[in-house]
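Working notes, structure below.
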Amino acid sequence: MDTSPLDNALLDNVRVVLVNTAHPGNIGGAARALKNMGLSQLYLVAPREFPAANAIWRAAGAADLLDTVVVVDALEEAVADCGLVMATSARERRIPWPLLTPRQCGERAVAEAAAHPVALVFGREDRGLTNEELQACNYHVHIPANPDYSSLNLATAVQVLAYEVRVAALELEKGAELSYADWDRPPARARDMELYFEHLQQALGELGFIDPDNPRQTMTRLRRLFSRVRPDDMELGILRGMLTAIQNYIHRAGGKGRQGG
């Protein structure tokens with residue numbers, strides 16, 4: 001493995017997010033995996049136990065990363081300022097999501113880290129991420145392990161993606177072209193997309209297009225659509241303005257749109 005120094009500002013814009021980790025040793029193992037690959041940003045979403053002596057022991061020489069860990073209560077907080085969120089997923093989903101290989105994940109993370117924070121999200125040891133958490137991410141990443149024994153230890157999964165980030169960063173330093181898009185505006189941040197989805201569901205309910213109490217798969221499929229499109233910040237502002245105009249029209253008309261959905 002190449003041990004060349006890399007641009008810390010770039011790697012520091014890639015964060016690893018562990019959701020509801022049950023075993024503190026896995027947190028330490030993840031910290032060690034990050035430091036091996038030159039990453040330093042570790043976020044914990046509602047860990048079962050942290051701080052913990054076992055986390056420090058497993059981190060070995062990477063215990064300093066545990067001193068700067070960011071602990072939050074929900075995934076939305078951990079990725080709110082991110083322009084790109086990618087989550088590991090081992091299961092087939094009823095509604096498939098845009099899927100990347102680990103190599104593609106590393107390349108995209110490095111290509112976008114110069115422009116905005118990037119999050120790599122890992123789920124619980126026993127059951128991964130919930131559907132709602134996965135739907136908050138732009139892409140899913142599948143690690144193609146042995147199908148006869150595909151269950152990866154959490155820290156091992158972190159090591160795989162952290163390695164791919166480092167490989168992509170090394171390729172970039174050698175002059176490789178890593179570009180995700182030549183665009184005039186930055187992509188909308190995760191927190192702004194969540195506010196948009198709340199606004200969209202509210203407006204569609206007022207319009208009578210969906211039942212607000214039972215939107216079925218409509219909102220999930222709309223989330224997938226916008227994850228593929230990834231609107232920029234100005235486009236999202238236009239979409240929010242359109243929803244507000246629709247709501248104002250409905251209110252002026254004194255009622256809802258068509259009933260049912």
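Quick note on naming: the chains in the structure tokens go A, B, ... in the order shown, residues restart at 1 in each chain, and ligands are numbered from 1 in order of appearance.
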key: Nearby residues (only C-alpha atoms) at most 12 Å from Thr130 (chain A), same-chain spacing under 5 positions excluded, as a ChimeraX atom specification   = /A:19-20,75,87-91,93,121-124,135-137
Output of the above residues as a compact mmCIF listing (two decimals), in the first residue's frame, restricted to all heavy atoms:
```txt
# COMPACT_ATOMS: atom_id res chain seq x y z
N VAL A 19 -24.12 4.03 13.01
CA VAL A 19 -25.46 4.21 13.56
C VAL A 19 -25.76 3.16 14.63
O VAL A 19 -25.73 1.95 14.35
CB VAL A 19 -26.52 4.14 12.45
CG1 VAL A 19 -27.93 4.26 13.03
CG2 VAL A 19 -26.29 5.26 11.43
N ASN A 20 -26.04 3.64 15.86
CA ASN A 20 -26.54 2.79 16.94
C ASN A 20 -25.65 1.58 17.18
O ASN A 20 -26.14 0.46 17.39
CB ASN A 20 -27.97 2.36 16.63
CG ASN A 20 -28.76 1.97 17.85
OD1 ASN A 20 -29.73 1.23 17.76
ND2 ASN A 20 -28.38 2.44 19.04
N LEU A 75 -29.47 10.15 12.64
CA LEU A 75 -28.69 10.19 11.41
C LEU A 75 -28.80 11.55 10.73
O LEU A 75 -27.83 12.05 10.16
CB LEU A 75 -29.15 9.07 10.47
CG LEU A 75 -28.47 9.01 9.11
CD1 LEU A 75 -26.96 8.81 9.25
CD2 LEU A 75 -29.08 7.89 8.25
N ALA A 87 -24.54 4.90 1.90
CA ALA A 87 -24.76 3.97 2.99
C ALA A 87 -24.49 2.54 2.56
O ALA A 87 -24.85 2.14 1.45
CB ALA A 87 -26.20 4.08 3.50
N THR A 88 -23.87 1.76 3.45
CA THR A 88 -23.67 0.35 3.16
C THR A 88 -24.97 -0.41 3.35
O THR A 88 -25.74 -0.14 4.27
CB THR A 88 -22.60 -0.25 4.10
OG1 THR A 88 -22.97 0.01 5.45
CG2 THR A 88 -21.25 0.35 3.81
N SER A 89 -25.24 -1.35 2.47
CA SER A 89 -26.46 -2.15 2.54
C SER A 89 -26.18 -3.54 2.00
O SER A 89 -25.70 -3.69 0.88
CB SER A 89 -27.59 -1.50 1.74
OG SER A 89 -28.74 -2.31 1.75
N ALA A 90 -26.48 -4.55 2.80
CA ALA A 90 -26.22 -5.93 2.39
C ALA A 90 -27.46 -6.61 1.85
O ALA A 90 -27.38 -7.66 1.23
CB ALA A 90 -25.67 -6.73 3.57
N ARG A 91 -28.64 -6.01 2.09
CA ARG A 91 -29.89 -6.68 1.75
C ARG A 91 -30.49 -6.11 0.47
O ARG A 91 -30.35 -4.95 0.15
CB ARG A 91 -30.90 -6.50 2.88
CG ARG A 91 -30.52 -7.19 4.17
CD ARG A 91 -31.49 -6.85 5.27
NE ARG A 91 -31.36 -5.46 5.68
CZ ARG A 91 -32.19 -4.84 6.52
NH1 ARG A 91 -33.23 -5.48 7.00
NH2 ARG A 91 -32.00 -3.59 6.86
N ARG A 93 -33.53 -4.69 -1.50
CA ARG A 93 -34.65 -3.88 -1.06
C ARG A 93 -35.85 -4.06 -1.97
O ARG A 93 -35.70 -4.31 -3.17
CB ARG A 93 -34.24 -2.40 -1.03
CG ARG A 93 -33.08 -2.13 -0.08
CD ARG A 93 -33.51 -2.23 1.37
NE ARG A 93 -32.36 -2.46 2.24
CZ ARG A 93 -32.42 -2.52 3.55
NH1 ARG A 93 -33.58 -2.40 4.16
NH2 ARG A 93 -31.35 -2.73 4.28
N VAL A 121 -22.04 5.91 5.61
CA VAL A 121 -22.89 5.52 6.74
C VAL A 121 -22.92 4.00 6.89
O VAL A 121 -23.14 3.27 5.91
CB VAL A 121 -24.33 6.05 6.53
CG1 VAL A 121 -25.21 5.69 7.72
CG2 VAL A 121 -24.32 7.58 6.33
N PHE A 122 -22.74 3.55 8.11
CA PHE A 122 -22.74 2.12 8.44
C PHE A 122 -23.79 1.85 9.51
O PHE A 122 -23.92 2.62 10.47
CB PHE A 122 -21.36 1.68 8.95
CG PHE A 122 -20.26 1.85 7.95
CD1 PHE A 122 -19.68 3.10 7.75
CD2 PHE A 122 -19.82 0.78 7.19
CE1 PHE A 122 -18.66 3.27 6.83
CE2 PHE A 122 -18.80 0.94 6.26
CZ PHE A 122 -18.23 2.19 6.07
N GLY A 123 -24.51 0.74 9.35
CA GLY A 123 -25.62 0.45 10.25
C GLY A 123 -25.24 -0.42 11.44
O GLY A 123 -24.07 -0.68 11.71
N ARG A 124 -26.26 -0.89 12.11
CA ARG A 124 -26.11 -1.71 13.31
C ARG A 124 -25.47 -3.06 12.97
O ARG A 124 -25.68 -3.59 11.87
CB ARG A 124 -27.49 -1.93 13.94
CG ARG A 124 -28.17 -0.62 14.33
CD ARG A 124 -29.68 -0.75 14.38
NE ARG A 124 -30.30 0.55 14.60
CZ ARG A 124 -30.56 1.43 13.63
NH1 ARG A 124 -30.25 1.14 12.37
NH2 ARG A 124 -31.11 2.59 13.91
N GLN A 135 -33.19 5.48 3.04
CA GLN A 135 -33.83 6.42 2.12
C GLN A 135 -33.33 7.85 2.30
O GLN A 135 -33.58 8.71 1.45
CB GLN A 135 -35.35 6.37 2.31
CG GLN A 135 -35.97 5.08 1.81
CD GLN A 135 -37.38 4.87 2.28
OE1 GLN A 135 -38.04 5.82 2.72
NE2 GLN A 135 -37.87 3.64 2.22
N ALA A 136 -32.60 8.10 3.37
CA ALA A 136 -32.01 9.42 3.59
C ALA A 136 -30.66 9.56 2.90
O ALA A 136 -30.02 10.60 3.02
CB ALA A 136 -31.86 9.68 5.09
N CYS A 137 -30.24 8.53 2.16
CA CYS A 137 -28.92 8.51 1.52
C CYS A 137 -29.05 8.57 0.01
O CYS A 137 -30.02 8.07 -0.56
CB CYS A 137 -28.16 7.24 1.93
SG CYS A 137 -27.99 7.06 3.73
```
Using only C-alpha atoms, what does the table of region 73-124 of chain A residues within 7 Å of region 161-176 of chain A look like, with each row giving the shortest atom pair and its distance in Å to one decimal, sorted by chain and ascending number, as JSON lines?
```
{"residue": "A:Pro102", "atom": "CA", "partner": "A:Leu161", "partner_atom": "CA", "distance": 5.9}
{"residue": "A:Arg103", "atom": "CA", "partner": "A:Glu164", "partner_atom": "CA", "distance": 5.7}
{"residue": "A:Gly106", "atom": "CA", "partner": "A:Val165", "partner_atom": "CA", "distance": 4.0}
{"residue": "A:Glu107", "atom": "CA", "partner": "A:Ala168", "partner_atom": "CA", "distance": 5.1}
{"residue": "A:Ala109", "atom": "CA", "partner": "A:Val165", "partner_atom": "CA", "distance": 6.7}
{"residue": "A:Val110", "atom": "CA", "partner": "A:Ala169", "partner_atom": "CA", "distance": 6.0}
```
Output C-alpha atoms for every residue in the selection just made, as a JSON list (two decimals), in the first residue's frame.
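What ended up in out18.json:
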```json
[["chain", "number", "residue", "atom", "x", "y", "z"],
["A", 102, "PRO", "CA", -16.86, 0.06, -3.06],
["A", 103, "ARG", "CA", -14.47, 1.28, -5.79],
["A", 106, "GLY", "CA", -14.31, 5.74, -2.99],
["A", 107, "GLU", "CA", -13.94, 7.55, -6.31],
["A", 109, "ALA", "CA", -16.31, 10.40, -2.25],
["A", 110, "VAL", "CA", -12.93, 11.83, -3.26]]
```
request  = Do a neighbour search on Pro98 (chain A) at 12 Å with only C-alpha atoms, toss out local chain neighbours closer than 5 positions, and write the hits as a list in words.
outcome  =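 In the requested form, the answer reads Val85, Met86, Ala87, Thr88, Ser89, Glu92, Arg93, Gln104, Cys105, Leu134, Gln135, Cys137, Asn138, Tyr139, His140, Val141, His142, Arg221, Arg223, Arg224, Leu225, Phe226, Ser227, Arg228, Val229 and Arg230 of chain A.
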Let me see the file: selected residues, N, CA and C atoms, as a PDB file, in the first residue's frame.
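What landed in part_15.pdb:
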```pdb
ATOM      1  N   VAL A  85     -24.279  11.537   0.560  1.00  0.00           N
ATOM      2  CA  VAL A  85     -24.400  10.554   1.635  1.00  0.00           C
ATOM      3  C   VAL A  85     -24.523   9.169   0.998  1.00  0.00           C
ATOM      4  N   MET A  86     -23.621   8.250   1.382  1.00  0.00           N
ATOM      5  CA  MET A  86     -23.625   6.888   0.847  1.00  0.00           C
ATOM      6  C   MET A  86     -23.679   5.909   2.007  1.00  0.00           C
ATOM      7  N   ALA A  87     -24.537   4.905   1.901  1.00  0.00           N
ATOM      8  CA  ALA A  87     -24.757   3.967   2.994  1.00  0.00           C
ATOM      9  C   ALA A  87     -24.486   2.539   2.559  1.00  0.00           C
ATOM     10  N   THR A  88     -23.870   1.759   3.447  1.00  0.00           N
ATOM     11  CA  THR A  88     -23.667   0.349   3.160  1.00  0.00           C
ATOM     12  C   THR A  88     -24.970  -0.410   3.352  1.00  0.00           C
ATOM     13  N   SER A  89     -25.235  -1.348   2.466  1.00  0.00           N
ATOM     14  CA  SER A  89     -26.458  -2.149   2.538  1.00  0.00           C
ATOM     15  C   SER A  89     -26.177  -3.539   2.003  1.00  0.00           C
ATOM     16  N   GLU A  92     -31.189  -6.981  -0.259  1.00  0.00           N
ATOM     17  CA  GLU A  92     -31.970  -6.526  -1.399  1.00  0.00           C
ATOM     18  C   GLU A  92     -33.195  -5.795  -0.878  1.00  0.00           C
ATOM     19  N   ARG A  93     -33.526  -4.694  -1.502  1.00  0.00           N
ATOM     20  CA  ARG A  93     -34.646  -3.876  -1.056  1.00  0.00           C
ATOM     21  C   ARG A  93     -35.848  -4.055  -1.972  1.00  0.00           C
ATOM     22  N   GLN A 104     -16.384   2.450  -6.760  1.00  0.00           N
ATOM     23  CA  GLN A 104     -17.119   3.635  -7.201  1.00  0.00           C
ATOM     24  C   GLN A 104     -17.403   4.575  -6.027  1.00  0.00           C
ATOM     25  N   CYS A 105     -17.678   4.001  -4.875  1.00  0.00           N
ATOM     26  CA  CYS A 105     -17.926   4.794  -3.678  1.00  0.00           C
ATOM     27  C   CYS A 105     -16.704   5.635  -3.324  1.00  0.00           C
ATOM     28  N   LEU A 134     -31.887   4.341   5.177  1.00  0.00           N
ATOM     29  CA  LEU A 134     -31.349   4.129   3.841  1.00  0.00           C
ATOM     30  C   LEU A 134     -31.932   5.122   2.841  1.00  0.00           C
ATOM     31  N   GLN A 135     -33.190   5.485   3.038  1.00  0.00           N
ATOM     32  CA  GLN A 135     -33.834   6.421   2.122  1.00  0.00           C
ATOM     33  C   GLN A 135     -33.329   7.848   2.298  1.00  0.00           C
ATOM     34  N   CYS A 137     -30.241   8.527   2.162  1.00  0.00           N
ATOM     35  CA  CYS A 137     -28.921   8.507   1.521  1.00  0.00           C
ATOM     36  C   CYS A 137     -29.055   8.569   0.006  1.00  0.00           C
ATOM     37  N   ASN A 138     -28.073   9.177  -0.635  1.00  0.00           N
ATOM     38  CA  ASN A 138     -28.106   9.304  -2.093  1.00  0.00           C
ATOM     39  C   ASN A 138     -27.837   7.980  -2.796  1.00  0.00           C
ATOM     40  N   TYR A 139     -26.894   7.211  -2.266  1.00  0.00           N
ATOM     41  CA  TYR A 139     -26.508   5.946  -2.879  1.00  0.00           C
ATOM     42  C   TYR A 139     -26.361   4.873  -1.809  1.00  0.00           C
ATOM     43  N   HIS A 140     -26.515   3.616  -2.239  1.00  0.00           N
ATOM     44  CA  HIS A 140     -26.204   2.482  -1.388  1.00  0.00           C
ATOM     45  C   HIS A 140     -24.951   1.816  -1.936  1.00  0.00           C
ATOM     46  N   VAL A 141     -24.161   1.243  -1.037  1.00  0.00           N
ATOM     47  CA  VAL A 141     -22.913   0.582  -1.407  1.00  0.00           C
ATOM     48  C   VAL A 141     -22.980  -0.873  -0.947  1.00  0.00           C
ATOM     49  N   HIS A 142     -22.700  -1.769  -1.857  1.00  0.00           N
ATOM     50  CA  HIS A 142     -22.699  -3.199  -1.525  1.00  0.00           C
ATOM     51  C   HIS A 142     -21.287  -3.745  -1.649  1.00  0.00           C
ATOM     52  N   ARG A 221     -40.670   6.338  -3.346  1.00  0.00           N
ATOM     53  CA  ARG A 221     -40.274   6.393  -4.757  1.00  0.00           C
ATOM     54  C   ARG A 221     -39.871   7.814  -5.170  1.00  0.00           C
ATOM     55  N   ARG A 223     -38.438   9.925  -3.125  1.00  0.00           N
ATOM     56  CA  ARG A 223     -37.096  10.073  -2.556  1.00  0.00           C
ATOM     57  C   ARG A 223     -36.057   9.431  -3.488  1.00  0.00           C
ATOM     58  N   ARG A 224     -36.373   8.259  -4.001  1.00  0.00           N
ATOM     59  CA  ARG A 224     -35.439   7.587  -4.901  1.00  0.00           C
ATOM     60  C   ARG A 224     -35.222   8.413  -6.165  1.00  0.00           C
ATOM     61  N   LEU A 225     -36.292   8.981  -6.695  1.00  0.00           N
ATOM     62  CA  LEU A 225     -36.187   9.817  -7.886  1.00  0.00           C
ATOM     63  C   LEU A 225     -35.222  10.974  -7.648  1.00  0.00           C
ATOM     64  N   PHE A 226     -35.402  11.688  -6.541  1.00  0.00           N
ATOM     65  CA  PHE A 226     -34.551  12.846  -6.288  1.00  0.00           C
ATOM     66  C   PHE A 226     -33.132  12.435  -5.899  1.00  0.00           C
ATOM     67  N   SER A 227     -32.958  11.221  -5.348  1.00  0.00           N
ATOM     68  CA  SER A 227     -31.604  10.724  -5.081  1.00  0.00           C
ATOM     69  C   SER A 227     -30.854  10.497  -6.394  1.00  0.00           C
ATOM     70  N   ARG A 228     -31.563  10.025  -7.420  1.00  0.00           N
ATOM     71  CA  ARG A 228     -30.927   9.842  -8.728  1.00  0.00           C
ATOM     72  C   ARG A 228     -30.596  11.184  -9.365  1.00  0.00           C
ATOM     73  N   VAL A 229     -31.533  12.129  -9.255  1.00  0.00           N
ATOM     74  CA  VAL A 229     -31.361  13.425  -9.917  1.00  0.00           C
ATOM     75  C   VAL A 229     -30.349  14.300  -9.183  1.00  0.00           C
ATOM     76  N   ARG A 230     -30.387  14.281  -7.827  1.00  0.00           N
ATOM     77  CA  ARG A 230     -29.543  15.108  -6.983  1.00  0.00           C
ATOM     78  C   ARG A 230     -29.604  16.582  -7.400  1.00  0.00           C
TER      79      ARG A 230
END
```
request  = Give me the residues within 7 Å of Gly29 (chain A) as a VMD selection string, counting only C-alpha atoms and dropping any in the same chain fewer than 3 places off.
outcome  = chain A and resid 25 to 26 32 to 33 58 to 59 155
Based on the selection just made, write C-alpha atoms of those residues as a PDB file, in the first residue's frame.
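The result, written out as part_32.pdb:
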```
ATOM      1  CA  GLY A  25     -15.024  -2.425  20.559  1.00  0.00           C
ATOM      2  CA  ASN A  26     -16.337  -1.936  17.031  1.00  0.00           C
ATOM      3  CA  ARG A  32      -8.194   2.250  13.825  1.00  0.00           C
ATOM      4  CA  ALA A  33      -9.406   1.539  10.268  1.00  0.00           C
ATOM      5  CA  ARG A  58      -9.530  -1.754  20.274  1.00  0.00           C
ATOM      6  CA  ALA A  59      -8.445   1.579  18.790  1.00  0.00           C
ATOM      7  CA  ALA A 155     -14.869  -2.376  11.567  1.00  0.00           C
TER       8      ALA A 155
END
```
message = Quick check, in Å to one decimal: how far apart do CA of Ser150 (chain A) and CA of Ala119 (chain A) lie?
response = 23.4 Å
query = Got a sec to tell me which of region 13-255 of chain A DSSP assigns to strand (DSSP E or B), as an MDAnalysis selection string?
reply = chainID A and resid 14:19 41:45 70:72 84:88 99:100 118:122 124 128 139:141 187 232
query = For Leu239 (chain A), which of A:Asp192, A:Asp12, A:Asp126, A:Glu133 is the closest residue, counting only C-alpha atoms?
reply =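 Closest candidate: A:Asp192.
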query = Within 6 Å of Val69 (chain A), counting only C-alpha atoms, which residues qualify if same-chain residues fewer than 3 places away don't, as a list in words?
reply =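 Counting only C-alpha atoms, the residues come to Leu42, Tyr43 and Leu66 of chain A.
Residue nearest Ala52 (chain A) within the list A:Met242, A:Ala22, A:Ala80, A:Val72: A:Ala22 [criterion: smallest interatomic distance, only C-alpha atoms].
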key: Distance of CA of Glu194 (chain A) from CA of Leu11 (chain A), expressed in Å to one decimal place   = 25.6 Å
query = From the set A:Ile210, A:Gln159, A:Thr220, A:Glu235, which residue has the shortest atom-to-atom contact distance to Glu132 (chain A), counting only C-alpha atoms?
reply = A:Thr220
request  = Going by DSSP on the backbone, which bits of region 71-160 of chain A are helix (DSSP H, G or I)? Write them as a list of chain:residue names, please.
outcome  =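 Matching residues, listed in order: A:Leu75, A:Glu76, A:Glu77, A:Ala78, A:Val79, A:Pro102, A:Arg103, A:Gln104, A:Cys105, A:Gly106, A:Glu107, A:Arg108, A:Ala109, A:Val110, A:Ala111, A:Glu112, A:Ala113, A:Asn131, A:Glu132, A:Glu133, A:Leu134, A:Gln135, A:Leu154, A:Ala155, A:Thr156, A:Ala157, A:Val158, A:Gln159, A:Val160.
Shortest atom-to-atom contact with Leu18 (chain A) among A:Asn146, A:Gln201, A:Gln41, A:Thr218: A:Gln41, counting only C-alpha atoms.
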